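First comes the structure, then the notes that go with it.
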Number of protein chains: 2
Amino acid sequence: MRTSIATVCLSGTLDQKLHAAREAGFDGVEIFEPDLVASPESPEAIRDRAAELGLTLELYQPFRDFEGVGPDLLAQNLRRAEAKFGLMNRLGIDTMLLCSNVATARSGDEQLAATHLRRLGDLAESFDVRVAYEALAWGRFVDDYESAAQIVRLADHPSIGNCLDSFHILSKGHNPEAIETIPAEKIFFVQVADAPLLSLDVLSWSRHHRLFPGEGAFDLGTFMAHLVRTGYDGPVSLEIFNDTFRQSDPAATAVDARRSLRWLEDRTADALARTGGSRIGRMTTTPLPHVDPPSDVNYVELRTPDRDGLRDLLTQLGFRTHGAHRTKEVELWSHGAARVILGAPDSRNPQPTVAGLGLSVGDPATAVRRATELLAPEVPRQQSVDDEPLAGVRAPDGSEVFFGAVGRGEPDWVREFGRPAAADAGIIQRVDHVNLAQPWQHFDAAVLFFQSVLDLRVDASVEVAAPVGLIRSQVLRSADDVVRIALNLVPSAASEDAILPQHVAFAASDVLAVARSARARGFTPLQIPGNYYDDIAARHRIRPELLDELKELNVMYDEDDTGVFLHFYTPPVGTVFLEVVERRGGYAGYGAVNAPVRLAAQYQQRDRRQRQEPTA
Amino acid sequence: MRTSIATVCLSGTLDQKLHAAREAGFDGVEIFEPDLVASPESPEAIRDRAAELGLTLELYQPFRDFEGVGPDLLAQNLRRAEAKFGLMNRLGIDTMLLCSNVATARSGDEQLAATHLRRLGDLAESFDVRVAYEALAWGRFVDDYESAAQIVRLADHPSIGNCLDSFHILSKGHNPEAIETIPAEKIFFVQVADAPLLSLDVLSWSRHHRLFPGEGAFDLGTFMAHLVRTGYDGPVSLEIFNDTFRQSDPAATAVDARRSLRWLEDRTADALARTGGSRIGRMTTTPLPHVDPPSDVNYVELRTPDRDGLRDLLTQLGFRTHGAHRTKEVELWSHGAARVILGAPDSRNPQPTVAGLGLSVGDPATAVRRATELLAPEVPRQQSVDDEPLAGVRAPDGSEVFFGAVGRGEPDWVREFGRPAAADAGIIQRVDHVNLAQPWQHFDAAVLFFQSVLDLRVDASVEVAAPVGLIRSQVLRSADDVVRIALNLVPSAASEDAILPQHVAFAASDVLAVARSARARGFTPLQIPGNYYDDIAARHRIRPELLDELKELNVMYDEDDTGVFLHFYTPPVGTVFLEVVERRGGYAGYGAVNAPVRLAAQYQQRDRRQRQEPTA
């Protein structure tokens with residue numbers, strides 16, 4: 001698959017954009033006209049720079065409001081096109097994008113539009129360039145790719161063809177199947193964009209909220225399968241207008257973009273395999289190395305300056321220590337199959353507090369190969385002679401994901417630590433879910449990263465009210481619900497002392513027993529207000545004795561149609577906190593309804609501490 | 001007008017919210033249930049705290065999904081209501097908001113809903129409380145205030161009445177006229193919210209994008225006039241769900257909120273006067289002291305550490321200095337009626353670079369009185385014995401607005417500076433417009449401040465692409481277009497070294513003459529790329545000689561149906577830059593189409609300088 005990206009997807013100057021595209025491995029770029037107009041470099045210098053970088057300049061875009069106009073305006077428009085064709089010759093670009101008229105068309109007559117396009121085709125031919133006509137979703141008369149294709153058919157000119165953009169087709173709910181009726185040689189260009197499902201006017205949706213493939217809700221694999229079956233073998237290009245990407249580092253955005261096309265290639269191969277048929281096309285669509293989703297979280301690594309605080313908490317929750325690693329400055333704590341590796345922050349290589357996840361997979365080597373094909377940087381484990389060889393990759397937020405082999409009982413690497421003194425109580429069983437705080441610039445990239453690298457499902461995102469703003473949260477999980485990762489967006493306006501939405505939740509067979517025995521060991525849970533218990537008593541039928549016990553132990557409650565969820569939180573220790581949960585019946589959520597109360601309690605506790613500190 | 005605010009409008013803990021509401025002068029508050037549930041204080045303690053602060057607890061809200069359900073659920077819902085009525089007794093609140101059912105209603109039969117509300121009314125009566133029923137815009141069956149009012153009529157119970165919310169009525173385009181058919185004693189509560197016009201699903205629009213009255217696009221004066229004519233005299237309460245307010249300082253938000261209600265009271269008085277009629281109601285609606293909009297910008301005050309840089313620029317543009325003020329450390333520069341006061345930043349009292357505006361008004365004392373009624377803090381001028389008495393107020397971003405009397409020729413205060421040595425060339429005539437950079441938290445508040453204090457019109461906002469993100473810009477202007485203030489939003493993610501969107505534009509009779517003579521004095525304008533001139537040549541019919549001159553002088557070009565706009569920019573000096581503009585014919589814009597090119601040129605120039613600095 002030949003890959004391309006429009007310069008509008010990236011922030012910075014045109015030169016910075018070209019460099020970022022090259023570094024991420026794109027084959028070519030679309031030149032977005034405003035980037036060219038604002039550049040101090042001459043068209044010839046830009047052409048040379050792209051050539052130096054090994055990038056093809058695939059498309060000049062956009063040319064607007066051409067067809068369906070009166071004779072005077074048509075003459076003006078042809079003059080405007082002539083200037084742009086001359087410019088394209090200087091840039092060495094052979095294809096121009098023409099958007100369907102949104103402002104000046106006076107007629108929707110397809111024959112008239114075709115006549116105008118034929119005039120434009122003659123002019124283009126004299127400059128040895130061609131024009132790719134695209135239906136904008138908000139075009140005045142032409143807002144549908146089938147109607148645009150019909151006009152191209154009527155124009156019947158070798159220099160006039162189609163541009164297909166997945167956003168304009170899928171946002172309007174048009175069926176992409178008819179793409180297969182367009183001859184490959186009449187598809188001059190293809191743009192792909194994903195987007196979240198929004199009920200917003202389509203223009204605002206398109207201009208602000210597009211996403212890279214895999215970050216939104218469109219079925220782009222199927223879209224691409226239709227395209228491949230036409231025989232199209234040209235560039236597949238990203239044209240993403242997104243308010244966040246406009247403000248983010250272009251190098252990181254370009255990697256995210258390139259990853260999305262690798263993922264899309266895999267999804268395309270999958271869709272082609274699923275839908276079968278004899279027309280397989282000419283485009284190369286190589287699947288990613290297959291991995292089964294991870295079968296468990298075999299450890300979580302926390303790096304925090306307050307290691308003592310976490311040691312106390314883990315002890316109170318019934319975890320036992322295995323002591324330090326035989327060569328590294330980390331220690332292991334476990335309870336059942338829940339394992340926590342505790343280390344100090346590395347100032348040379350800053351990472352989030354939830355610094356690593358160990359995942360069990362069927363074939364670790366293939367998992368790493370898949371991740372690196374998806375542009376994840378490999379993180380070789382610092383290893384001594386006898387250590388278990390583990391390999392991992394770095395996520396967009398700097399945390400690490402390590403892959404270990406699926407096995408029965410304890411993983412082999414556990415022996416690199418000491419033996420724990422006592423047996424654990426066996427009530428805590430494993431990691432239930434992990435919440436990772438994602439800086440706002442990396443949020444969508446993180447969704448794509450975890451989804452594509454680990455082949456997880458993506459749930460719809462939810463928003464939770466904190467005392468200082470809303471937190472967007474999106475859960476990714478394995479089909480069997482055993483591995484669950486919640487990504488939580490940290491807003492750009494979050495203050496330095498904001499409580500970060502990152503924590504580890506452990507699954508227990510009896511959360512009340514854990515809470516009671518922790519209390520006996522001196523544990524004080526996060527304090528939940530009495531008003532909360534009055535409220536759940538009004539909302540649900542809870543036995544009075546259970547309600548009393550929940551209240552006494554500061555355990556929160558939720559229920560759905562299939563079961564009940566009981567959970568309690570530790571106070572924040574440094575920049576992280578812990579949770580213990582019990583799922584009764586088929587309850588599949590995370591107690592999101594309780595999150596605002598928990599967040600308020602956390603902020604209140606922090607404020608109390610801050611008020612006490614000066615006098616302490 | 002009795003004023004109230006829902007606690008959901010403000011950030012922080014319930015206690016912080018109550019304090020902020022009191023400080024801003026509200027009469028009462030609505031308790032938003034999640035704030036109560038998350039509060040560690042008992043209901044009795046909250047009741048006592050409100051009483052201490054002199055705040056009435058006006059409403060408990062929301063109660064959801066009650067009516068139109070099957071018998072089992074109705075019994076559950078009544079049990080839930082009973083618990084909440086008991087809680088209201090403890091809080092000392094006598095009115096509960098009931099939203100129309102969105103989730104569990106099985107029938108839209110109005111008679112059935114009325115029967116259920118009557119049951120609820122009996123229960124409420126036994127607790128000595130009442131229920132205000134409100135149609136949510138996305139209610140399952142009831143989504144229209146007239147239908148809700150009909151159900152209340154059918155319920156015919158003294159404890160059941162209506163709650164009217166301007167958002168739910170105006171967002172759906174319902175005519176508020178029928179409010180007048182509801183008897184005043186059946187209107188238990190009124191909530192007002194403004195909003196920008198968005199084509200977004202109404203639920204998302206309501207939950208994220210509501211604004212305080214005067215900050216959006218709804219005609220709330222007319223809404224209120226209908227309400228007043230019913231005879232309603234209860235609280236007028238703000239219920240604003242807004243993502244920005246949730247993250248902002250609650251004290252500042254509360255002042256903004258309170259200002260919006262004072263403005264709304266004035267707009268209501270105006271609408272009542274315009275629509276006349278004999279029913280004038282009982283609610284007090286006092287107009288604000290009337291001021292005519294300012295007739296000119298008589299000075300702009302810039303406070304910058306790089307005073308020398310600005311002195312050079314002003315000299316090159318043909319401004320002449322009047323020297324320092326006789327007692328203060330500021331100096332005056334003028335050209336025609338364009339006046340710039342130049343000072344150094346005051347570290348004790350930080351202000352934006354565009355630190356002050358002097359405006360000529362018919363009656364300065366009344367202008368100040370109007371502003372202070374709108375909660376603007378007064379800023380008395382530091383004054384010596386013989387100085388002209390001027391008074392001003394502080395805007396939300398910390399800048400100052402001073403009012404001077406309208407007069408012919410130079411204002412009297414100019415004599416407090418020295419006499420300029422030379423006559424100016426008379427080509428620059430006055431300040432054309434001023435661009436104020438607004439921190440994201442204050443943007444909507446600034447729109448309301450300038451609109452209400454100066455009685456300006458608000459244009460639709462536009463978005464401009466910068467190399468590092470989009471900038472939202474909104475113009476406020478006097479009816480005669482003489483005073484124009486553009487507010488530009490600085491995004492929360494703006495880096496410390498971002499170029500702030502703040503500048504002063506001067507109107508010239510001949511911008512090319514200004515550019516030429518400035519060049520003769522050594523001026524180098526912001527460099528506009530050659531690609532830009534190729535582009536405007538393709539788009540517009542510009543005489544080749546004019547195009548050459550524009551290009552040579554780095555002057556930009558725009559046109560609309562009525563005229564032409566020529567303008568050039570100075571390079572940024574510290575945190576500000578200047579612009580000189582010429583309007584030919586009726587051109588009424590600001591060259592927004594050129595802004596991305598200008599922004600890119602500014603960033604490129606800064607990057608060049610930064611690269612040079614290490615070697616310099």
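By convention here, the chains of the structure tokens are called A, B, ... in the order presented, each chain's residues are numbered starting at 1, and ligands are numbered starting at 1 in the order presented.
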
Practice task
Select residues of chain B: the criterion is any atom within 8 Å of an atom of chain A, counting only C-alpha atoms; output as a PyMOL selection string.
Solution key: chain B and resi 11-13+34+36-43+79-81+83-84+198-201+243-244+246-248+467-470+492-493+528-532+535+538-539+596-598+600-601+604

Exercise for the section: With a distance cut-off of 12 Å and only C-alpha atoms, select the neighbouring residues of Asp308 of chain B, excluding the residue or stretch itself and same-chain residues fewer than 5 positions from it, and output the selection as a ChimeraX atom specification. Expected result: /B:303,313-315,331,342-344,573-574

Generate a file of the selected residues that holds all heavy atoms, formatted as a short mmCIF file (atom, residue, chain, number, x, y, z; two decimals), in the first residue's frame.
```cif
data_model
loop_
_atom_site.label_atom_id
_atom_site.label_comp_id
_atom_site.auth_asym_id
_atom_site.auth_seq_id
_atom_site.Cartn_x
_atom_site.Cartn_y
_atom_site.Cartn_z
N ARG B 303 1.87 48.15 27.64
CA ARG B 303 2.88 47.97 28.69
C ARG B 303 3.79 46.83 28.28
O ARG B 303 3.36 45.68 28.21
CB ARG B 303 2.21 47.67 30.03
CG ARG B 303 1.36 48.83 30.54
CD ARG B 303 1.37 48.91 32.06
NE ARG B 303 0.82 50.16 32.52
CZ ARG B 303 1.52 51.11 33.12
NH1 ARG B 303 2.82 50.94 33.32
NH2 ARG B 303 0.95 52.22 33.52
N LEU B 313 9.52 51.47 16.30
CA LEU B 313 8.43 51.17 15.36
C LEU B 313 7.52 52.36 15.16
O LEU B 313 7.16 52.71 14.03
CB LEU B 313 7.57 50.03 15.90
CG LEU B 313 7.91 48.61 15.51
CD1 LEU B 313 6.76 47.70 15.92
CD2 LEU B 313 8.17 48.51 14.01
N LEU B 314 7.11 52.97 16.27
CA LEU B 314 6.17 54.10 16.17
C LEU B 314 6.80 55.24 15.38
O LEU B 314 6.16 55.89 14.56
CB LEU B 314 5.74 54.56 17.56
CG LEU B 314 4.80 53.57 18.29
CD1 LEU B 314 4.67 53.94 19.77
CD2 LEU B 314 3.42 53.56 17.63
N THR B 315 8.08 55.49 15.64
CA THR B 315 8.80 56.55 14.90
C THR B 315 8.79 56.23 13.40
O THR B 315 8.50 57.09 12.57
CB THR B 315 10.25 56.65 15.41
OG1 THR B 315 10.22 56.85 16.82
CG2 THR B 315 10.98 57.81 14.74
N GLU B 331 4.63 57.53 28.54
CA GLU B 331 4.83 58.55 27.52
C GLU B 331 3.74 58.42 26.46
O GLU B 331 3.14 57.34 26.30
CB GLU B 331 6.21 58.40 26.89
CG GLU B 331 6.42 57.07 26.18
CD GLU B 331 7.89 56.69 26.04
OE1 GLU B 331 8.63 56.75 27.04
OE2 GLU B 331 8.27 56.35 24.90
N LEU B 342 2.68 54.59 26.24
CA LEU B 342 3.68 53.54 26.36
C LEU B 342 4.19 53.52 27.79
O LEU B 342 4.60 54.55 28.33
CB LEU B 342 4.83 53.90 25.41
CG LEU B 342 5.57 52.78 24.69
CD1 LEU B 342 4.60 51.88 23.96
CD2 LEU B 342 6.57 53.39 23.71
N GLY B 343 4.11 52.32 28.41
CA GLY B 343 4.61 52.22 29.78
C GLY B 343 5.36 50.91 29.96
O GLY B 343 5.41 50.08 29.06
N ALA B 344 5.95 50.77 31.14
CA ALA B 344 6.64 49.52 31.46
C ALA B 344 5.67 48.63 32.23
O ALA B 344 4.74 49.12 32.87
CB ALA B 344 7.88 49.81 32.29
N VAL B 573 7.06 42.87 18.45
CA VAL B 573 8.03 43.49 19.38
C VAL B 573 7.62 43.01 20.76
O VAL B 573 6.55 43.38 21.26
CB VAL B 573 7.94 45.03 19.31
CG1 VAL B 573 8.89 45.64 20.33
CG2 VAL B 573 8.26 45.50 17.92
N GLY B 574 8.43 42.16 21.35
CA GLY B 574 8.04 41.56 22.63
C GLY B 574 6.77 40.77 22.42
O GLY B 574 6.71 39.89 21.56
#
```

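The spacing separating atom CA of Glu215 of chain B from atom CA of Val228 of chain B amounts to 21.8 Å.
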
Non-local contacts of Leu117 of chain B (9 Å; only C-alpha atoms; under 6 positions in same chain excluded) as a PDB file with all heavy atoms, in the first residue's frame:
```
ATOM      1  N   PHE B  66     -39.428   9.668  36.331  1.00  0.00           N
ATOM      2  CA  PHE B  66     -40.493   9.319  37.269  1.00  0.00           C
ATOM      3  C   PHE B  66     -41.776   8.840  36.587  1.00  0.00           C
ATOM      4  O   PHE B  66     -42.288   7.765  36.871  1.00  0.00           O
ATOM      5  CB  PHE B  66     -40.799  10.525  38.167  1.00  0.00           C
ATOM      6  CG  PHE B  66     -41.964  10.302  39.077  1.00  0.00           C
ATOM      7  CD1 PHE B  66     -41.810   9.548  40.234  1.00  0.00           C
ATOM      8  CD2 PHE B  66     -43.233  10.785  38.751  1.00  0.00           C
ATOM      9  CE1 PHE B  66     -42.893   9.296  41.064  1.00  0.00           C
ATOM     10  CE2 PHE B  66     -44.318  10.538  39.579  1.00  0.00           C
ATOM     11  CZ  PHE B  66     -44.150   9.789  40.737  1.00  0.00           C
ATOM     12  N   GLU B  67     -42.306   9.649  35.695  1.00  0.00           N
ATOM     13  CA  GLU B  67     -43.695   9.469  35.222  1.00  0.00           C
ATOM     14  C   GLU B  67     -43.797   8.570  33.984  1.00  0.00           C
ATOM     15  O   GLU B  67     -42.821   8.328  33.291  1.00  0.00           O
ATOM     16  CB  GLU B  67     -44.325  10.832  34.944  1.00  0.00           C
ATOM     17  CG  GLU B  67     -43.957  11.462  33.606  1.00  0.00           C
ATOM     18  CD  GLU B  67     -42.528  11.992  33.521  1.00  0.00           C
ATOM     19  OE1 GLU B  67     -41.712  11.739  34.441  1.00  0.00           O
ATOM     20  OE2 GLU B  67     -42.213  12.643  32.510  1.00  0.00           O
ATOM     21  N   VAL B 131     -43.077  20.193  43.719  1.00  0.00           N
ATOM     22  CA  VAL B 131     -42.332  19.614  42.603  1.00  0.00           C
ATOM     23  C   VAL B 131     -42.533  20.482  41.358  1.00  0.00           C
ATOM     24  O   VAL B 131     -43.666  20.763  40.977  1.00  0.00           O
ATOM     25  CB  VAL B 131     -42.820  18.177  42.311  1.00  0.00           C
ATOM     26  CG1 VAL B 131     -42.152  17.617  41.058  1.00  0.00           C
ATOM     27  CG2 VAL B 131     -42.554  17.271  43.521  1.00  0.00           C
ATOM     28  N   TYR B 133     -42.038  20.609  37.459  1.00  0.00           N
ATOM     29  CA  TYR B 133     -41.897  19.649  36.350  1.00  0.00           C
ATOM     30  C   TYR B 133     -41.365  20.379  35.114  1.00  0.00           C
ATOM     31  O   TYR B 133     -41.886  21.408  34.723  1.00  0.00           O
ATOM     32  CB  TYR B 133     -43.268  19.028  36.069  1.00  0.00           C
ATOM     33  CG  TYR B 133     -43.297  17.957  35.003  1.00  0.00           C
ATOM     34  CD1 TYR B 133     -42.447  16.854  35.060  1.00  0.00           C
ATOM     35  CD2 TYR B 133     -44.215  18.030  33.950  1.00  0.00           C
ATOM     36  CE1 TYR B 133     -42.506  15.855  34.089  1.00  0.00           C
ATOM     37  CE2 TYR B 133     -44.280  17.033  32.981  1.00  0.00           C
ATOM     38  CZ  TYR B 133     -43.420  15.947  33.051  1.00  0.00           C
ATOM     39  OH  TYR B 133     -43.474  14.965  32.097  1.00  0.00           O
ATOM     40  N   ILE B 151     -49.674  18.738  31.221  1.00  0.00           N
ATOM     41  CA  ILE B 151     -49.679  17.647  32.210  1.00  0.00           C
ATOM     42  C   ILE B 151     -49.850  18.217  33.621  1.00  0.00           C
ATOM     43  O   ILE B 151     -50.596  17.679  34.443  1.00  0.00           O
ATOM     44  CB  ILE B 151     -48.395  16.800  32.069  1.00  0.00           C
ATOM     45  CG1 ILE B 151     -48.433  16.032  30.742  1.00  0.00           C
ATOM     46  CG2 ILE B 151     -48.225  15.847  33.242  1.00  0.00           C
ATOM     47  CD1 ILE B 151     -47.128  15.379  30.345  1.00  0.00           C
ATOM     48  N   VAL B 152     -49.176  19.337  33.898  1.00  0.00           N
ATOM     49  CA  VAL B 152     -49.323  19.987  35.206  1.00  0.00           C
ATOM     50  C   VAL B 152     -50.772  20.442  35.397  1.00  0.00           C
ATOM     51  O   VAL B 152     -51.353  20.274  36.477  1.00  0.00           O
ATOM     52  CB  VAL B 152     -48.351  21.189  35.321  1.00  0.00           C
ATOM     53  CG1 VAL B 152     -48.693  22.052  36.532  1.00  0.00           C
ATOM     54  CG2 VAL B 152     -46.906  20.703  35.382  1.00  0.00           C
ATOM     55  N   ALA B 155     -52.798  17.420  36.156  1.00  0.00           N
ATOM     56  CA  ALA B 155     -52.500  16.887  37.489  1.00  0.00           C
ATOM     57  C   ALA B 155     -53.277  17.673  38.541  1.00  0.00           C
ATOM     58  O   ALA B 155     -53.725  17.127  39.552  1.00  0.00           O
ATOM     59  CB  ALA B 155     -51.000  16.957  37.770  1.00  0.00           C
ATOM     60  N   HIS B 157     -52.757  19.769  41.023  1.00  0.00           N
ATOM     61  CA  HIS B 157     -52.390  19.521  42.423  1.00  0.00           C
ATOM     62  C   HIS B 157     -51.581  20.714  42.923  1.00  0.00           C
ATOM     63  O   HIS B 157     -50.673  21.168  42.224  1.00  0.00           O
ATOM     64  CB  HIS B 157     -51.551  18.236  42.500  1.00  0.00           C
ATOM     65  CG  HIS B 157     -51.380  17.732  43.896  1.00  0.00           C
ATOM     66  ND1 HIS B 157     -50.599  18.378  44.831  1.00  0.00           N
ATOM     67  CD2 HIS B 157     -51.912  16.650  44.517  1.00  0.00           C
ATOM     68  CE1 HIS B 157     -50.645  17.710  45.967  1.00  0.00           C
ATOM     69  NE2 HIS B 157     -51.434  16.646  45.813  1.00  0.00           N
ATOM     70  N   ILE B 160     -47.799  20.535  42.603  1.00  0.00           N
ATOM     71  CA  ILE B 160     -47.201  20.251  41.287  1.00  0.00           C
ATOM     72  C   ILE B 160     -47.297  21.505  40.409  1.00  0.00           C
ATOM     73  O   ILE B 160     -48.392  22.026  40.186  1.00  0.00           O
ATOM     74  CB  ILE B 160     -47.921  19.076  40.593  1.00  0.00           C
ATOM     75  CG1 ILE B 160     -47.843  17.792  41.434  1.00  0.00           C
ATOM     76  CG2 ILE B 160     -47.340  18.838  39.186  1.00  0.00           C
ATOM     77  CD1 ILE B 160     -46.464  17.181  41.561  1.00  0.00           C
TER      78      ILE B 160
END
```

Exercise for the section: Please provide as a list in words all residues within 7 Å of Ala355 of chain A, with the sequence filter that same-chain residues fewer than 5 positions apart are discarded (counting only C-alpha atoms). Expected result: Glu301, Leu302, Arg303, Ser399 and Glu400 of chain A

Exercise for the section: Name the residues of segment 130-344 of chain A that fall into alpha helix (DSSP H) according to DSSP on the backbone, using the chain letters and numbers of this document, as a VMD selection string. Expected result: chain A and resid 145 to 155 166 to 170 202 to 208 220 to 230 250 to 275 307 to 316

Write the residues you've just listed into a file as a tab-separated table (two decimals), in the first residue's frame, and include C-alpha atoms for each of them.
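Resulting contents of again.tsv:
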```tsv
chain	number	residue	atom	x	y	z
A	145	TYR	CA	-19.62	10.16	-4.58
A	146	GLU	CA	-21.95	8.36	-6.95
A	147	SER	CA	-23.20	11.63	-8.37
A	148	ALA	CA	-19.60	12.91	-8.71
A	149	ALA	CA	-18.63	9.66	-10.47
A	150	GLN	CA	-21.54	10.13	-12.87
A	151	ILE	CA	-20.34	13.65	-13.72
A	152	VAL	CA	-16.83	12.32	-14.32
A	153	ARG	CA	-18.32	9.63	-16.56
A	154	LEU	CA	-20.24	12.26	-18.55
A	155	ALA	CA	-17.18	14.52	-18.78
A	166	SER	CA	-13.94	7.98	3.24
A	167	PHE	CA	-15.14	10.82	5.46
A	168	HIS	CA	-17.44	12.36	2.87
A	169	ILE	CA	-18.87	8.94	2.04
A	170	LEU	CA	-19.25	7.35	5.48
A	202	VAL	CA	-21.09	17.56	8.90
A	203	LEU	CA	-18.92	20.60	8.09
A	204	SER	CA	-17.86	21.18	11.73
A	205	TRP	CA	-17.48	17.44	12.24
A	206	SER	CA	-15.17	17.25	9.23
A	207	ARG	CA	-13.12	20.35	10.03
A	208	HIS	CA	-12.45	19.66	13.70
A	220	LEU	CA	-12.66	1.57	6.96
A	221	GLY	CA	-11.60	-2.02	6.29
A	222	THR	CA	-14.78	-2.59	4.28
A	223	PHE	CA	-14.38	0.78	2.53
A	224	MET	CA	-10.86	-0.20	1.50
A	225	ALA	CA	-11.90	-3.70	0.37
A	226	HIS	CA	-14.32	-2.14	-2.13
A	227	LEU	CA	-11.55	0.13	-3.33
A	228	VAL	CA	-8.99	-2.66	-3.72
A	229	ARG	CA	-11.45	-4.71	-5.73
A	230	THR	CA	-11.66	-1.95	-8.36
A	250	PRO	CA	4.36	16.91	14.17
A	251	ALA	CA	6.88	14.08	14.53
A	252	ALA	CA	4.70	12.19	17.03
A	253	THR	CA	1.55	12.85	14.98
A	254	ALA	CA	3.26	11.54	11.82
A	255	VAL	CA	4.19	8.27	13.57
A	256	ASP	CA	0.62	7.90	14.82
A	257	ALA	CA	-0.60	8.56	11.26
A	258	ARG	CA	1.75	6.04	9.69
A	259	ARG	CA	0.72	3.44	12.29
A	260	SER	CA	-2.92	4.02	11.39
A	261	LEU	CA	-2.23	3.16	7.74
A	262	ARG	CA	-0.35	-0.02	8.69
A	263	TRP	CA	-3.33	-1.00	10.82
A	264	LEU	CA	-5.69	-0.09	7.98
A	265	GLU	CA	-3.70	-2.29	5.58
A	266	ASP	CA	-4.20	-5.20	7.99
A	267	ARG	CA	-7.92	-4.45	8.36
A	268	THR	CA	-8.19	-4.26	4.57
A	269	ALA	CA	-6.56	-7.66	4.16
A	270	ASP	CA	-8.97	-8.99	6.78
A	271	ALA	CA	-12.02	-7.48	5.05
A	272	LEU	CA	-10.88	-8.85	1.68
A	273	ALA	CA	-10.46	-12.31	3.21
A	274	ARG	CA	-13.88	-12.11	4.89
A	275	THR	CA	-15.76	-10.87	1.85
A	307	ARG	CA	7.73	3.66	47.59
A	308	ASP	CA	7.26	3.43	51.34
A	309	GLY	CA	3.71	4.64	51.06
A	310	LEU	CA	2.92	1.98	48.46
A	311	ARG	CA	4.68	-0.73	50.50
A	312	ASP	CA	2.43	0.14	53.45
A	313	LEU	CA	-0.70	0.05	51.29
A	314	LEU	CA	0.17	-3.26	49.65
A	315	THR	CA	0.96	-4.83	53.01
A	316	GLN	CA	-2.38	-3.63	54.40
```

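Distance-wise, atom CA of Val511 of chain B and atom CA of Gly586 of chain B end up 16.2 Å apart.
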
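In this structure, atom CA of Ala367 of chain A sits 12.3 Å away from atom CA of Val406 of chain A.
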
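Residues lying within 10 Å of Pro411 of chain A, counting only C-alpha atoms and ignoring same-chain neighbours fewer than 2 positions away, are Asn298, Tyr299, Ala337, Ser360, Glu388, Gly404, Ala405, Val406, Gly407, Arg408, Gly409, Trp413, Val414 and Arg415 of chain A.
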
Exercise for the section: Within segment 329-524 of chain B, find each residue whose DSSP state, derived from the backbone, is strand (DSSP E or B), and express the selection as a ChimeraX atom specification. Expected result: /B:331-335,338-343,354-361,378-380,391-394,400-405,428-439,457-458,462-466,469-477,484-490,503-508
